[in-house]
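File shown: protein-v1.pdb (PDB, C-alpha atoms and all ligand atoms).
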```
ATOM      1  CA  MET L   4      10.443 -15.963   4.590
ATOM      2  CA  GLY L   5       7.693 -18.222   5.778
ATOM      3  CA  GLN L   6       4.761 -16.949   3.721
ATOM      4  CA  PRO L   7       1.674 -19.117   3.737
ATOM      5  CA  SER L   8       0.867 -20.730   0.390
ATOM      6  CA  ASN L   9      -1.922 -18.276  -0.347
ATOM      7  CA  PRO L  10      -0.899 -14.934   1.152
ATOM      8  CA  ARG L  11      -4.147 -13.349  -0.028
ATOM      9  CA  ILE L  12      -6.142 -15.204   2.563
ATOM     10  CA  GLN L  13      -7.005 -13.116   5.598
ATOM     11  CA  HIS L  14      -7.744 -15.264   8.590
ATOM     12  CA  GLY L  15     -10.878 -14.046  10.309
ATOM     13  CA  PRO L  16     -14.419 -12.780   9.997
ATOM     14  CA  LEU L  17     -13.567  -9.330   8.565
ATOM     15  CA  LYS L  18     -13.730  -8.777   4.807
ATOM     16  CA  ASP L  19     -10.273  -7.222   5.104
ATOM     17  CA  LEU L  20      -8.185  -5.421   7.726
ATOM     18  CA  GLU L  21      -9.476  -2.019   6.565
ATOM     19  CA  GLU L  22     -12.924  -3.018   7.706
ATOM     20  CA  TRP L  23     -11.720  -2.594  11.280
ATOM     21  CA  ASP L  24     -10.322   0.882  10.479
ATOM     22  CA  ASP L  25     -13.638   1.788   8.861
ATOM     23  CA  PHE L  26     -15.546   0.664  11.950
ATOM     24  CA  VAL L  27     -13.333   2.845  14.177
ATOM     25  CA  LYS L  28     -13.960   5.772  11.857
ATOM     26  CA  SER L  29     -17.720   5.215  12.109
ATOM     27  CA  ARG L  30     -17.402   5.371  15.921
ATOM     28  CA  TYR L  31     -15.357   8.566  15.805
ATOM     29  CA  PRO L  32     -16.757  10.493  12.846
ATOM     30  CA  GLU L  33     -14.691  13.490  11.876
ATOM     31  CA  ASP L  34     -17.398  16.082  12.586
ATOM     32  CA  ALA L  35     -17.956  14.642  16.080
ATOM     33  CA  SER L  36     -14.376  15.162  17.262
ATOM     34  CA  PRO L  37     -14.251  17.147  20.515
ATOM     35  CA  ALA L  38     -12.992  20.268  18.683
ATOM     36  CA  ALA L  39     -15.584  20.064  15.912
ATOM     37  CA  ALA L  40     -18.333  19.271  18.397
ATOM     38  CA  ALA L  41     -17.504  22.410  20.365
ATOM     39  CA  GLY L  42     -17.845  24.404  17.144
ATOM     40  CA  ASN L  43     -21.163  23.094  15.908
ATOM     41  CA  GLY L  44     -22.879  22.470  19.208
ATOM     42  CA  LYS L  45     -23.091  18.726  18.681
ATOM     43  CA  LYS L  46     -22.759  16.747  21.853
ATOM     44  CA  ARG L  47     -20.447  13.782  21.813
ATOM     45  CA  GLN L  48     -22.059  10.716  23.292
ATOM     46  CA  GLU L  49     -20.062   9.308  26.162
ATOM     47  CA  PHE L  50     -21.241   5.712  26.345
ATOM     48  CA  ARG L  51     -22.475   4.239  23.112
ATOM     49  CA  ASN L  52     -23.869   0.862  22.442
ATOM     50  CA  PHE L  53     -22.857  -0.655  19.127
ATOM     51  CA  THR L  54     -24.467  -4.026  19.626
ATOM     52  CA  ASP L  55     -27.460  -3.399  17.371
ATOM     53  CA  THR L  56     -25.800  -1.259  14.739
ATOM     54  CA  THR L  57     -22.615  -3.222  14.023
ATOM     55  CA  PRO L  58     -22.482  -5.874  11.284
ATOM     56  CA  PRO L  59     -22.435  -9.377  12.847
ATOM     57  CA  HIS L  60     -19.034 -10.244  11.377
ATOM     58  CA  VAL L  61     -17.463  -7.129  12.956
ATOM     59  CA  ARG L  62     -18.962  -8.087  16.321
ATOM     60  CA  GLU L  63     -17.615 -11.600  15.796
ATOM     61  CA  PHE L  64     -14.163 -10.101  15.217
ATOM     62  CA  TYR L  65     -14.392  -8.308  18.593
ATOM     63  CA  ARG L  66     -15.704 -11.426  20.296
ATOM     64  CA  GLN L  67     -12.602 -13.294  19.147
ATOM     65  CA  ASN L  68     -10.281 -10.411  19.996
ATOM     66  CA  HIS L  69     -11.605  -9.809  23.510
ATOM     67  CA  SER L  70     -11.907 -13.461  24.452
ATOM     68  CA  LYS L  71      -8.454 -14.479  23.179
ATOM     69  CA  GLN L  72      -6.133 -11.544  23.926
ATOM     70  CA  THR L  73      -5.097 -12.814  27.360
ATOM     71  CA  ARG L  74      -1.943 -11.854  29.239
ATOM     72  CA  ASP L  75      -0.493 -15.305  28.505
ATOM     73  CA  PHE L  76      -1.270 -14.944  24.815
ATOM     74  CA  VAL L  77       0.448 -11.541  24.641
ATOM     75  CA  ARG L  78       3.525 -12.864  26.407
ATOM     76  CA  SER L  79       3.770 -15.885  24.136
ATOM     77  CA  LYS L  80       3.523 -13.673  21.016
ATOM     78  CA  LYS L  81       6.274 -11.434  22.370
ATOM     79  CA  THR L  82       8.490 -14.469  22.874
ATOM     80  CA  GLU L  83       7.659 -15.649  19.381
ATOM     81  CA  TYR L  84       8.131 -12.384  17.487
ATOM     82  CA  LEU L  85      10.456 -10.088  19.395
ATOM     83  CA  SER L  86      13.599 -12.035  18.565
ATOM     84  CA  LYS L  87      12.862 -10.680  15.056
ATOM     85  CA  SER L  88      14.258 -13.688  13.260
ATOM     86  CA  ARG L  89      11.544 -14.046  10.644
ATOM     87  CA  ALA L  90      12.876 -11.917   7.824
ATOM     88  CA  LYS L  91      15.297  -9.223   6.698
ATOM     89  CA  MET L  92      13.574  -6.538   4.671
ATOM     90  CA  GLY L  93      13.873  -2.868   3.884
ATOM     91  CA  ILE L  94      10.915  -0.545   4.521
ATOM     92  CA  TRP L  95       9.801  -0.263   0.889
ATOM     93  CA  GLU L  96      10.200  -3.998   0.480
ATOM     94  CA  ALA L  97       7.903  -4.504   3.487
ATOM     95  CA  MET L  98       5.371  -2.143   1.897
ATOM     96  CA  GLU L  99       5.386  -4.276  -1.230
ATOM     97  CA  PHE L 100       5.072  -7.424   0.861
ATOM     98  CA  LEU L 101       2.068  -5.962   2.684
ATOM     99  CA  ASN L 102       0.641  -5.080  -0.712
ATOM    100  CA  THR L 103       0.246  -8.789  -1.501
ATOM    101  CA  LEU L 104      -2.543  -8.738   1.099
ATOM    102  CA  VAL L 105      -5.504  -7.794  -1.056
ATOM    103  CA  ASP L 106      -9.192  -7.641  -0.456
ATOM    104  CA  GLU L 107     -10.558 -10.864  -1.880
ATOM    105  CA  SER L 108     -14.099  -9.655  -2.314
ATOM    106  CA  ASP L 109     -13.382  -6.662  -4.537
ATOM    107  CA  PRO L 110      -9.706  -6.257  -5.436
ATOM    108  CA  ASP L 111     -10.367  -3.864  -8.323
ATOM    109  CA  THR L 112     -12.224  -1.125  -6.480
ATOM    110  CA  GLU L 113     -10.272  -1.100  -3.235
ATOM    111  CA  LEU L 114      -7.079   0.883  -2.809
ATOM    112  CA  SER L 115      -3.924  -1.155  -2.340
ATOM    113  CA  GLN L 116      -2.163  -1.179   1.019
ATOM    114  CA  ILE L 117       0.627   1.047  -0.360
ATOM    115  CA  GLU L 118      -1.949   3.563  -1.541
ATOM    116  CA  HIS L 119      -3.504   3.619   1.943
ATOM    117  CA  LEU L 120      -0.106   4.238   3.504
ATOM    118  CA  LEU L 121       0.676   7.048   1.068
ATOM    119  CA  GLN L 122      -2.653   8.752   1.746
ATOM    120  CA  THR L 123      -1.783   9.040   5.430
ATOM    121  CA  SER L 124       1.746  10.306   4.808
ATOM    122  CA  GLU L 125       0.694  12.707   2.056
ATOM    123  CA  ALA L 126      -1.926  14.283   4.356
ATOM    124  CA  ALA L 127       0.811  14.918   6.952
ATOM    125  CA  ARG L 128       3.084  16.298   4.235
ATOM    126  CA  ARG L 129       0.401  18.714   2.990
ATOM    127  CA  ASP L 130       0.073  20.035   6.555
ATOM    128  CA  GLY L 131       3.806  20.761   6.748
ATOM    129  CA  ARG L 132       4.499  18.192   9.465
ATOM    130  CA  PRO L 133       8.167  17.304  10.211
ATOM    131  CA  ASP L 134       9.712  14.632   8.015
ATOM    132  CA  TRP L 135       9.701  11.949  10.754
ATOM    133  CA  PHE L 136       5.949  12.558  11.204
ATOM    134  CA  ILE L 137       5.367  12.100   7.451
ATOM    135  CA  LEU L 138       7.490   8.944   7.532
ATOM    136  CA  THR L 139       5.467   7.648  10.499
ATOM    137  CA  GLY L 140       2.295   8.143   8.470
ATOM    138  CA  LEU L 141       3.791   6.057   5.699
ATOM    139  CA  ILE L 142       4.947   3.136   7.825
ATOM    140  CA  HIS L 143       2.726   3.010  10.923
ATOM    141  CA  ASP L 144       0.645   0.049   9.700
ATOM    142  CA  LEU L 145       3.442  -2.139   8.342
ATOM    143  CA  GLY L 146       3.019  -4.435  11.340
ATOM    144  CA  LYS L 147      -0.076  -5.723   9.530
ATOM    145  CA  ILE L 148       2.277  -8.091   7.734
ATOM    146  CA  LEU L 149       1.613 -10.287  10.787
ATOM    147  CA  CYS L 150      -1.432 -11.337   8.798
ATOM    148  CA  LEU L 151       0.814 -12.648   6.027
ATOM    149  CA  TRP L 152       2.645 -14.755   8.587
ATOM    150  CA  GLY L 153      -0.593 -16.527   9.393
ATOM    151  CA  GLU L 154      -1.790 -14.503  12.390
ATOM    152  CA  PRO L 155      -5.582 -14.271  12.669
ATOM    153  CA  GLN L 156      -7.208 -10.855  12.310
ATOM    154  CA  TRP L 157      -7.966 -10.638  16.042
ATOM    155  CA  ALA L 158      -4.190 -10.779  16.719
ATOM    156  CA  VAL L 159      -3.306  -8.121  14.119
ATOM    157  CA  VAL L 160      -5.864  -5.303  14.356
ATOM    158  CA  GLY L 161      -8.469  -4.051  16.827
ATOM    159  CA  ASP L 162      -8.538  -1.357  19.517
ATOM    160  CA  THR L 163      -5.652  -2.190  21.853
ATOM    161  CA  PHE L 164      -5.799  -2.312  25.659
ATOM    162  CA  PRO L 165      -3.568  -3.294  28.597
ATOM    163  CA  VAL L 166      -3.674  -6.918  29.703
ATOM    164  CA  GLY L 167      -3.155  -7.971  33.334
ATOM    165  CA  CYS L 168      -5.474  -5.364  34.839
ATOM    166  CA  ALA L 169      -9.194  -4.516  34.709
ATOM    167  CA  TRP L 170     -10.558  -3.663  31.249
ATOM    168  CA  SER L 171     -11.922  -0.141  30.929
ATOM    169  CA  PRO L 172     -15.718  -0.140  30.501
ATOM    170  CA  LYS L 173     -15.139   2.276  27.607
ATOM    171  CA  ILE L 174     -13.467  -0.389  25.464
ATOM    172  CA  VAL L 175     -15.854  -1.127  22.614
ATOM    173  CA  PHE L 176     -17.783  -4.424  23.069
ATOM    174  CA  HIS L 177     -16.564  -4.648  26.664
ATOM    175  CA  GLU L 178     -19.155  -7.370  27.277
ATOM    176  CA  PHE L 179     -17.061  -9.899  25.327
ATOM    177  CA  PHE L 180     -14.325  -9.743  27.967
ATOM    178  CA  SER L 181     -16.482 -11.996  30.147
ATOM    179  CA  LEU L 182     -15.454 -14.769  27.713
ATOM    180  CA  SER L 183     -11.740 -14.226  28.392
ATOM    181  CA  PRO L 184      -9.966 -16.689  30.711
ATOM    182  CA  ASP L 185      -8.367 -13.589  32.321
ATOM    183  CA  SER L 186     -11.798 -12.622  33.654
ATOM    184  CA  ARG L 187     -11.388 -15.541  36.058
ATOM    185  CA  VAL L 188      -7.956 -14.412  37.335
ATOM    186  CA  PRO L 189      -8.711 -12.178  40.365
ATOM    187  CA  GLU L 190      -5.226 -10.645  40.252
ATOM    188  CA  TYR L 191      -5.955  -9.259  36.791
ATOM    189  CA  GLN L 192      -9.352  -7.875  37.696
ATOM    190  CA  THR L 193      -8.351  -4.991  39.947
ATOM    191  CA  ARG L 194      -7.842  -1.450  38.692
ATOM    192  CA  LEU L 195      -4.026  -1.789  38.750
ATOM    193  CA  GLY L 196      -3.791  -5.542  38.285
ATOM    194  CA  VAL L 197      -0.126  -6.530  38.033
ATOM    195  CA  TYR L 198       1.019  -2.895  37.539
ATOM    196  CA  GLN L 199       2.026   0.107  39.660
ATOM    197  CA  GLU L 200       0.101   3.377  39.892
ATOM    198  CA  HIS L 201       1.689   5.695  37.266
ATOM    199  CA  GLY L 202       4.370   3.066  36.705
ATOM    200  CA  GLY L 203       4.660   3.947  32.999
ATOM    201  CA  LEU L 204       3.318   2.298  29.845
ATOM    202  CA  ALA L 205       6.753   0.862  29.044
ATOM    203  CA  ASN L 206       6.054  -1.636  31.837
ATOM    204  CA  VAL L 207       2.551  -2.485  30.613
ATOM    205  CA  ASP L 208       1.771  -5.386  28.282
ATOM    206  CA  MET L 209      -0.662  -4.228  25.585
ATOM    207  CA  SER L 210      -2.911  -6.568  23.619
ATOM    208  CA  TRP L 211      -0.905  -8.026  20.737
ATOM    209  CA  GLY L 212      -1.138  -6.659  17.227
ATOM    210  CA  HIS L 213       0.412  -4.592  14.456
ATOM    211  CA  ASP L 214       1.156  -1.616  16.740
ATOM    212  CA  GLU L 215       3.268  -3.419  19.334
ATOM    213  CA  TYR L 216       5.016  -5.638  16.808
ATOM    214  CA  PHE L 217       6.073  -2.828  14.477
ATOM    215  CA  TYR L 218       7.237  -0.675  17.400
ATOM    216  CA  HIS L 219       9.832  -3.336  18.160
ATOM    217  CA  VAL L 220      10.952  -3.486  14.525
ATOM    218  CA  VAL L 221      11.681   0.272  14.322
ATOM    219  CA  LYS L 222      12.437   1.306  17.903
ATOM    220  CA  ASP L 223      16.147   1.977  17.283
ATOM    221  CA  TYR L 224      15.615   4.301  14.353
ATOM    222  CA  LEU L 225      12.953   6.939  14.974
ATOM    223  CA  PRO L 226      12.396   9.871  17.364
ATOM    224  CA  GLU L 227      10.488   8.950  20.486
ATOM    225  CA  GLU L 228       7.343  10.827  19.458
ATOM    226  CA  ALA L 229       7.165   8.678  16.329
ATOM    227  CA  LEU L 230       7.608   5.521  18.381
ATOM    228  CA  TYR L 231       4.705   6.471  20.641
ATOM    229  CA  MET L 232       2.519   7.152  17.600
ATOM    230  CA  ILE L 233       3.368   3.744  16.192
ATOM    231  CA  ARG L 234       3.060   1.786  19.414
ATOM    232  CA  TYR L 235      -0.188   3.343  20.660
ATOM    233  CA  HIS L 236      -2.083   4.479  17.557
ATOM    234  CA  SER L 237      -4.811   1.823  18.126
ATOM    235  CA  PHE L 238      -4.999   2.485  21.889
ATOM    236  CA  TYR L 239      -8.348   4.254  21.465
ATOM    237  CA  PRO L 240      -9.401   3.648  25.093
ATOM    238  CA  ALA L 241      -6.540   5.986  26.107
ATOM    239  CA  HIS L 242      -6.030   8.499  23.311
ATOM    240  CA  ARG L 243      -9.727   9.006  22.469
ATOM    241  CA  GLU L 244     -11.511   7.997  25.683
ATOM    242  CA  GLY L 245      -8.956   9.251  28.242
ATOM    243  CA  GLU L 246      -8.795   5.942  30.100
ATOM    244  CA  TYR L 247      -5.815   4.240  31.798
ATOM    245  CA  GLU L 248      -4.249   7.538  32.815
ATOM    246  CA  TYR L 249      -3.364   5.869  36.122
ATOM    247  CA  LEU L 250      -0.920   3.540  34.365
ATOM    248  CA  MET L 251       0.900   6.403  32.617
ATOM    249  CA  ASP L 252       3.856   8.335  33.969
ATOM    250  CA  ASP L 253       4.383  12.055  33.254
ATOM    251  CA  HIS L 254       6.399  11.284  30.147
ATOM    252  CA  ASP L 255       3.676   9.030  28.706
ATOM    253  CA  ARG L 256       1.122  11.791  29.235
ATOM    254  CA  GLU L 257       3.299  14.278  27.390
ATOM    255  CA  MET L 258       3.925  11.868  24.520
ATOM    256  CA  PHE L 259       0.215  11.065  24.198
ATOM    257  CA  GLN L 260      -0.315  14.619  22.957
ATOM    258  CA  ARG L 261       1.599  13.497  19.877
ATOM    259  CA  VAL L 262      -0.371  10.251  19.627
ATOM    260  CA  ARG L 263      -3.546  12.393  19.581
ATOM    261  CA  GLU L 264      -2.071  14.666  16.912
ATOM    262  CA  PHE L 265      -1.382  11.667  14.735
ATOM    263  CA  ASN L 266      -4.816  10.044  15.010
ATOM    264  CA  PRO L 267      -6.682  12.297  12.519
ATOM    265  CA  TYR L 268      -4.147  11.430   9.814
ATOM    266  CA  ASP L 269      -4.718   7.750  10.512
ATOM    267  CA  LEU L 270      -8.518   7.972  10.582
ATOM    268  CA  TYR L 271      -9.523  10.744   8.216
ATOM    269  CA  SER L 272      -6.943  10.877   5.421
ATOM    270  CA  LYS L 273      -8.490   8.192   3.278
ATOM    271  CA  ALA L 274      -9.690   9.863   0.090
ATOM    272  CA  ASP L 275     -11.234   8.026  -2.838
ATOM    273  CA  HIS L 276      -8.553   8.844  -5.359
ATOM    274  CA  ALA L 277      -5.394   6.772  -5.417
ATOM    275  CA  PRO L 278      -2.037   8.500  -4.906
ATOM    276  CA  ASN L 279       0.472   8.146  -7.722
ATOM    277  CA  VAL L 280       2.865   5.558  -6.299
ATOM    278  CA  VAL L 281       5.412   5.807  -9.145
ATOM    279  CA  GLU L 282       5.629   9.598  -8.856
ATOM    280  CA  LEU L 283       5.877   9.630  -5.060
ATOM    281  CA  ARG L 284       8.305   6.775  -4.632
ATOM    282  CA  PRO L 285      11.630   8.699  -5.067
ATOM    283  CA  TYR L 286      10.673  11.237  -2.364
ATOM    284  CA  TYR L 287       9.768   8.464   0.063
ATOM    285  CA  GLU L 288      12.789   6.302  -0.738
ATOM    286  CA  ASP L 289      14.939   9.323   0.201
ATOM    287  CA  LEU L 290      13.020   9.868   3.417
ATOM    288  CA  ILE L 291      13.225   6.185   4.345
ATOM    289  CA  SER L 292      17.000   6.146   3.802
ATOM    290  CA  LYS L 293      17.412   9.190   6.053
ATOM    291  CA  TYR L 294      16.155   7.194   9.046
ATOM    292  CA  PHE L 295      16.535   3.514   8.231
ATOM    293  CA  PRO L 296      19.266   1.119   7.114
ATOM    294  CA  SER L 297      18.598  -0.650   3.808
ATOM    295  CA  SER L 298      17.525  -3.800   5.651
ATOM    296  CA  LEU L 299      15.793  -4.365   9.001
ATOM    297  CA  GLN L 300      15.154  -7.422  11.162
ATOM    298  CA  TRP L 301      11.506  -8.540  11.211
TER     299      TRP L 301
HETATM  300 FE    FE H   1      -3.013   0.753  12.426
HETATM  301 FE    FE H   2      -3.528   3.184  10.116
END
```

As structure tokens:
Amino acid sequence: MGQPSNPRIQHGPLKDLEEWDDFVKSRYPEDASPAAAAGNGKKRQEFRNFTDTTPPHVREFYRQNHSKQTRDFVRSKKTEYLSKSRAKMGIWEAMEFLNTLVDESDPDTELSQIEHLLQTSEAARRDGRPDWFILTGLIHDLGKILCLWGEPQWAVVGDTFPVGCAWSPKIVFHEFFSLSPDSRVPEYQTRLGVYQEHGGLANVDMSWGHDEYFYHVVKDYLPEEALYMIRYHSFYPAHREGEYEYLMDDHDREMFQRVREFNPYDLYSKADHAPNVVELRPYYEDLISKYFPSSLQW
């Protein structure tokens, strides 16, 4: 199915894809969430500057992401991937495929990709969330297999944002957008750009990555709330910063409550101990078969 000769290689400046997740977590620490901040009197900073405090290779990742995620790029990736003719795989099979992506620097101390997925789903299960929510926790990052098909890190992970309209100043490392060819397209530099006021996110092209790709793989099989969680879980400018409301319709706004509910499981469920994959597998195989056919188009 078109794997590169060394699937362990991750194309880009990050040590591994989790390094991006870790950076997001450092920007939104658990005890600084709006609810926690209200409780302990801590004030959440509105505009923060990460230029001096971020490791150079993480900044380099954002430089690549912001300068290359143009509207044309997004549209060409959609043409390339959304025919879903790359592979036929079941969900667990895709988890095992993603598992071949290991951290090169320290493979023995890092959790495997499957263990990361299970930590998210198990946290939702402990909280008594509905089964589709637990399943969403398990699978939401499977789009990261884009990396195994040779996509560079900047086209797989990163905070997502709409393309074809002005970039919110609250997008982290906003300054790198000046390097994007889209910054020289006046039509894309207005508040609405190519879109309609409250025209709905379904009509908006988001920057390309694991969220958008995986949404298209599973969109026929899951409840709509789950699909929103999958498609917009990296859309931090909207679900954490409250931006781009003017592109959303009423239904998007309602569904974003669920995206916000999901985010803590994504960000804060990573414990040090590894879940027992062998023990948990039968429960999750059952859950997967409740919603998915044995094979999907990728
Ligand atoms: Fe993700
Ligand atoms: Fe995630």

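Using only C-alpha atoms for every distance, the candidate list L:Asn52, L:Arg66, L:Ala97, L:Leu120 yields L:Leu120 as the residue closest to L:Ala274.
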
Query raised in the report: Expanded to explicit residues, what is the PyMOL selection byres (((chain L and resi 173) around 8) and not hetatm) for this file, as a ChimeraX atom specification?
Result: /L:50,171-172,174-175,177,240,244,246

Requested in this report: Run the PyMOL selection byres (((not hetatm)) within 10 of (chain H and resi 2)) against the file shown and list the residues it catches, as a PyMOL selection string.
Outcome: chain L and resi 21+24+119-120+123+140-145+147+160+213-214+233+236-237+265-273

Could you take the residues named above and write them with C-alpha atoms, as an mmCIF file, keeping the file's coordinate frame?
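Generated file (selection_20.cif):
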```cif
data_model
loop_
_atom_site.group_PDB
_atom_site.id
_atom_site.type_symbol
_atom_site.label_atom_id
_atom_site.label_comp_id
_atom_site.auth_asym_id
_atom_site.auth_seq_id
_atom_site.Cartn_x
_atom_site.Cartn_y
_atom_site.Cartn_z
ATOM 1 C CA GLU L 21 -9.476 -2.019 6.565
ATOM 2 C CA ASP L 24 -10.322 0.882 10.479
ATOM 3 C CA HIS L 119 -3.504 3.619 1.943
ATOM 4 C CA LEU L 120 -0.106 4.238 3.504
ATOM 5 C CA THR L 123 -1.783 9.040 5.430
ATOM 6 C CA GLY L 140 2.295 8.143 8.470
ATOM 7 C CA LEU L 141 3.791 6.057 5.699
ATOM 8 C CA ILE L 142 4.947 3.136 7.825
ATOM 9 C CA HIS L 143 2.726 3.010 10.923
ATOM 10 C CA ASP L 144 0.645 0.049 9.700
ATOM 11 C CA LEU L 145 3.442 -2.139 8.342
ATOM 12 C CA LYS L 147 -0.076 -5.723 9.530
ATOM 13 C CA VAL L 160 -5.864 -5.303 14.356
ATOM 14 C CA HIS L 213 0.412 -4.592 14.456
ATOM 15 C CA ASP L 214 1.156 -1.616 16.740
ATOM 16 C CA ILE L 233 3.368 3.744 16.192
ATOM 17 C CA HIS L 236 -2.083 4.479 17.557
ATOM 18 C CA SER L 237 -4.811 1.823 18.126
ATOM 19 C CA PHE L 265 -1.382 11.667 14.735
ATOM 20 C CA ASN L 266 -4.816 10.044 15.010
ATOM 21 C CA PRO L 267 -6.682 12.297 12.519
ATOM 22 C CA TYR L 268 -4.147 11.430 9.814
ATOM 23 C CA ASP L 269 -4.718 7.750 10.512
ATOM 24 C CA LEU L 270 -8.518 7.972 10.582
ATOM 25 C CA TYR L 271 -9.523 10.744 8.216
ATOM 26 C CA SER L 272 -6.943 10.877 5.421
ATOM 27 C CA LYS L 273 -8.490 8.192 3.278
#
```

Report task. Can you pull out every residue within 12 Å of L:Ser297, counting all atoms listed in the file, but drop anything in the same chain fewer than 2 positions away, and send it as a list of chain:residue names? Result -> L:Lys91, L:Met92, L:Gly93, L:Ile94, L:Trp95, L:Glu96, L:Ala97, L:Glu288, L:Asp289, L:Leu290, L:Ile291, L:Ser292, L:Lys293, L:Tyr294, L:Phe295, L:Leu299, L:Gln300

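With atom CA of L:Cys168 on one side and atom CA of L:Gln72 on the other, the separation reads 12.6 Å.
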
Report task. Work out how far apart atom CA of L:Tyr231 and atom CA of L:Asp255 are and give it in Å to one decimal. Result ->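 Computed distance, atom CA of L:Tyr231 to atom CA of L:Asp255, equals 8.5 Å.
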
Report summary line: Of L:Val61, L:Leu104, L:Leu250, L:Val188, the one sitting nearest L:Met209 when using all atoms listed in the file is L:Leu250

Just the residues within 12 Å of L:Pro16, please, counting only C-alpha atoms, with nothing from its chain fewer than 4 positions along; format it as a short mmCIF file (atom, residue, chain, number, x, y, z; two decimals) with C-alpha atoms, in the coordinates of the input.
```cif
data_model
loop_
_atom_site.label_atom_id
_atom_site.label_comp_id
_atom_site.auth_asym_id
_atom_site.auth_seq_id
_atom_site.Cartn_x
_atom_site.Cartn_y
_atom_site.Cartn_z
CA ILE L 12 -6.14 -15.20 2.56
CA LEU L 20 -8.18 -5.42 7.73
CA GLU L 22 -12.92 -3.02 7.71
CA TRP L 23 -11.72 -2.59 11.28
CA PRO L 58 -22.48 -5.87 11.28
CA PRO L 59 -22.44 -9.38 12.85
CA HIS L 60 -19.03 -10.24 11.38
CA VAL L 61 -17.46 -7.13 12.96
CA ARG L 62 -18.96 -8.09 16.32
CA GLU L 63 -17.61 -11.60 15.80
CA PHE L 64 -14.16 -10.10 15.22
CA TYR L 65 -14.39 -8.31 18.59
CA ARG L 66 -15.70 -11.43 20.30
CA GLN L 67 -12.60 -13.29 19.15
CA ASN L 68 -10.28 -10.41 20.00
CA PRO L 155 -5.58 -14.27 12.67
CA GLN L 156 -7.21 -10.86 12.31
CA TRP L 157 -7.97 -10.64 16.04
#
```

Requested in this report: Just give me the gap between atom CA of L:Tyr224 and atom CA of L:Gly146 in Å, one decimal is fine.
Outcome: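 It comes out at 15.6 Å.
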
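Closest approach to L:Arg78 among L:Val166, L:Arg129, L:Tyr249, L:Arg243 is made by L:Val166 (distances from all atoms listed in the file).
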
Requested in this report: Determine the residue membership of the PyMOL selection byres (((chain L and resi 80-89) around 8) and not hetatm) for the file above and supply it as a PyMOL selection string.
Outcome: chain L and resi 4-5+76-79+90-91+211+216+219-220+300-301

**Report entry** Of the listed residues L:Pro165, L:Gly212, L:Pro285, L:Pro278, that which approaches ligand FE 1 (chain H) most closely, counting only C-alpha atoms and all ligand atoms
**Finding:**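 Comparing L:Pro165, L:Gly212, L:Pro285, L:Pro278 against ligand FE 1 (chain H), the winner is L:Gly212.
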
Query raised in the report: Pick the closest to ligand FE 1 (chain H) from L:Asp134, L:Glu215, L:Asp34, L:Glu113: which is it, counting only C-alpha atoms and all ligand atoms?
Result: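 Of L:Asp134, L:Glu215, L:Asp34, L:Glu113, the one nearest ligand FE 1 (chain H), counting only C-alpha atoms and all ligand atoms, is L:Glu215.
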
Query raised in the report: Using only C-alpha atoms, which of L:Leu101, L:Asp185, L:Asp208, L:Leu195 sits nearest L:Trp152?
Result: L:Leu101

Output, as AutoDock Vina command-line options, the centre and edge lengths in Å (one decimal) of the axis-aligned box that contains all listed atoms of stretch 239-250 of chain L with 4 Å of margin on each side.
```
--center_x -6.2 --center_y 6.4 --center_z 28.8 --size_x 18.6 --size_y 13.7 --size_z 22.7
```
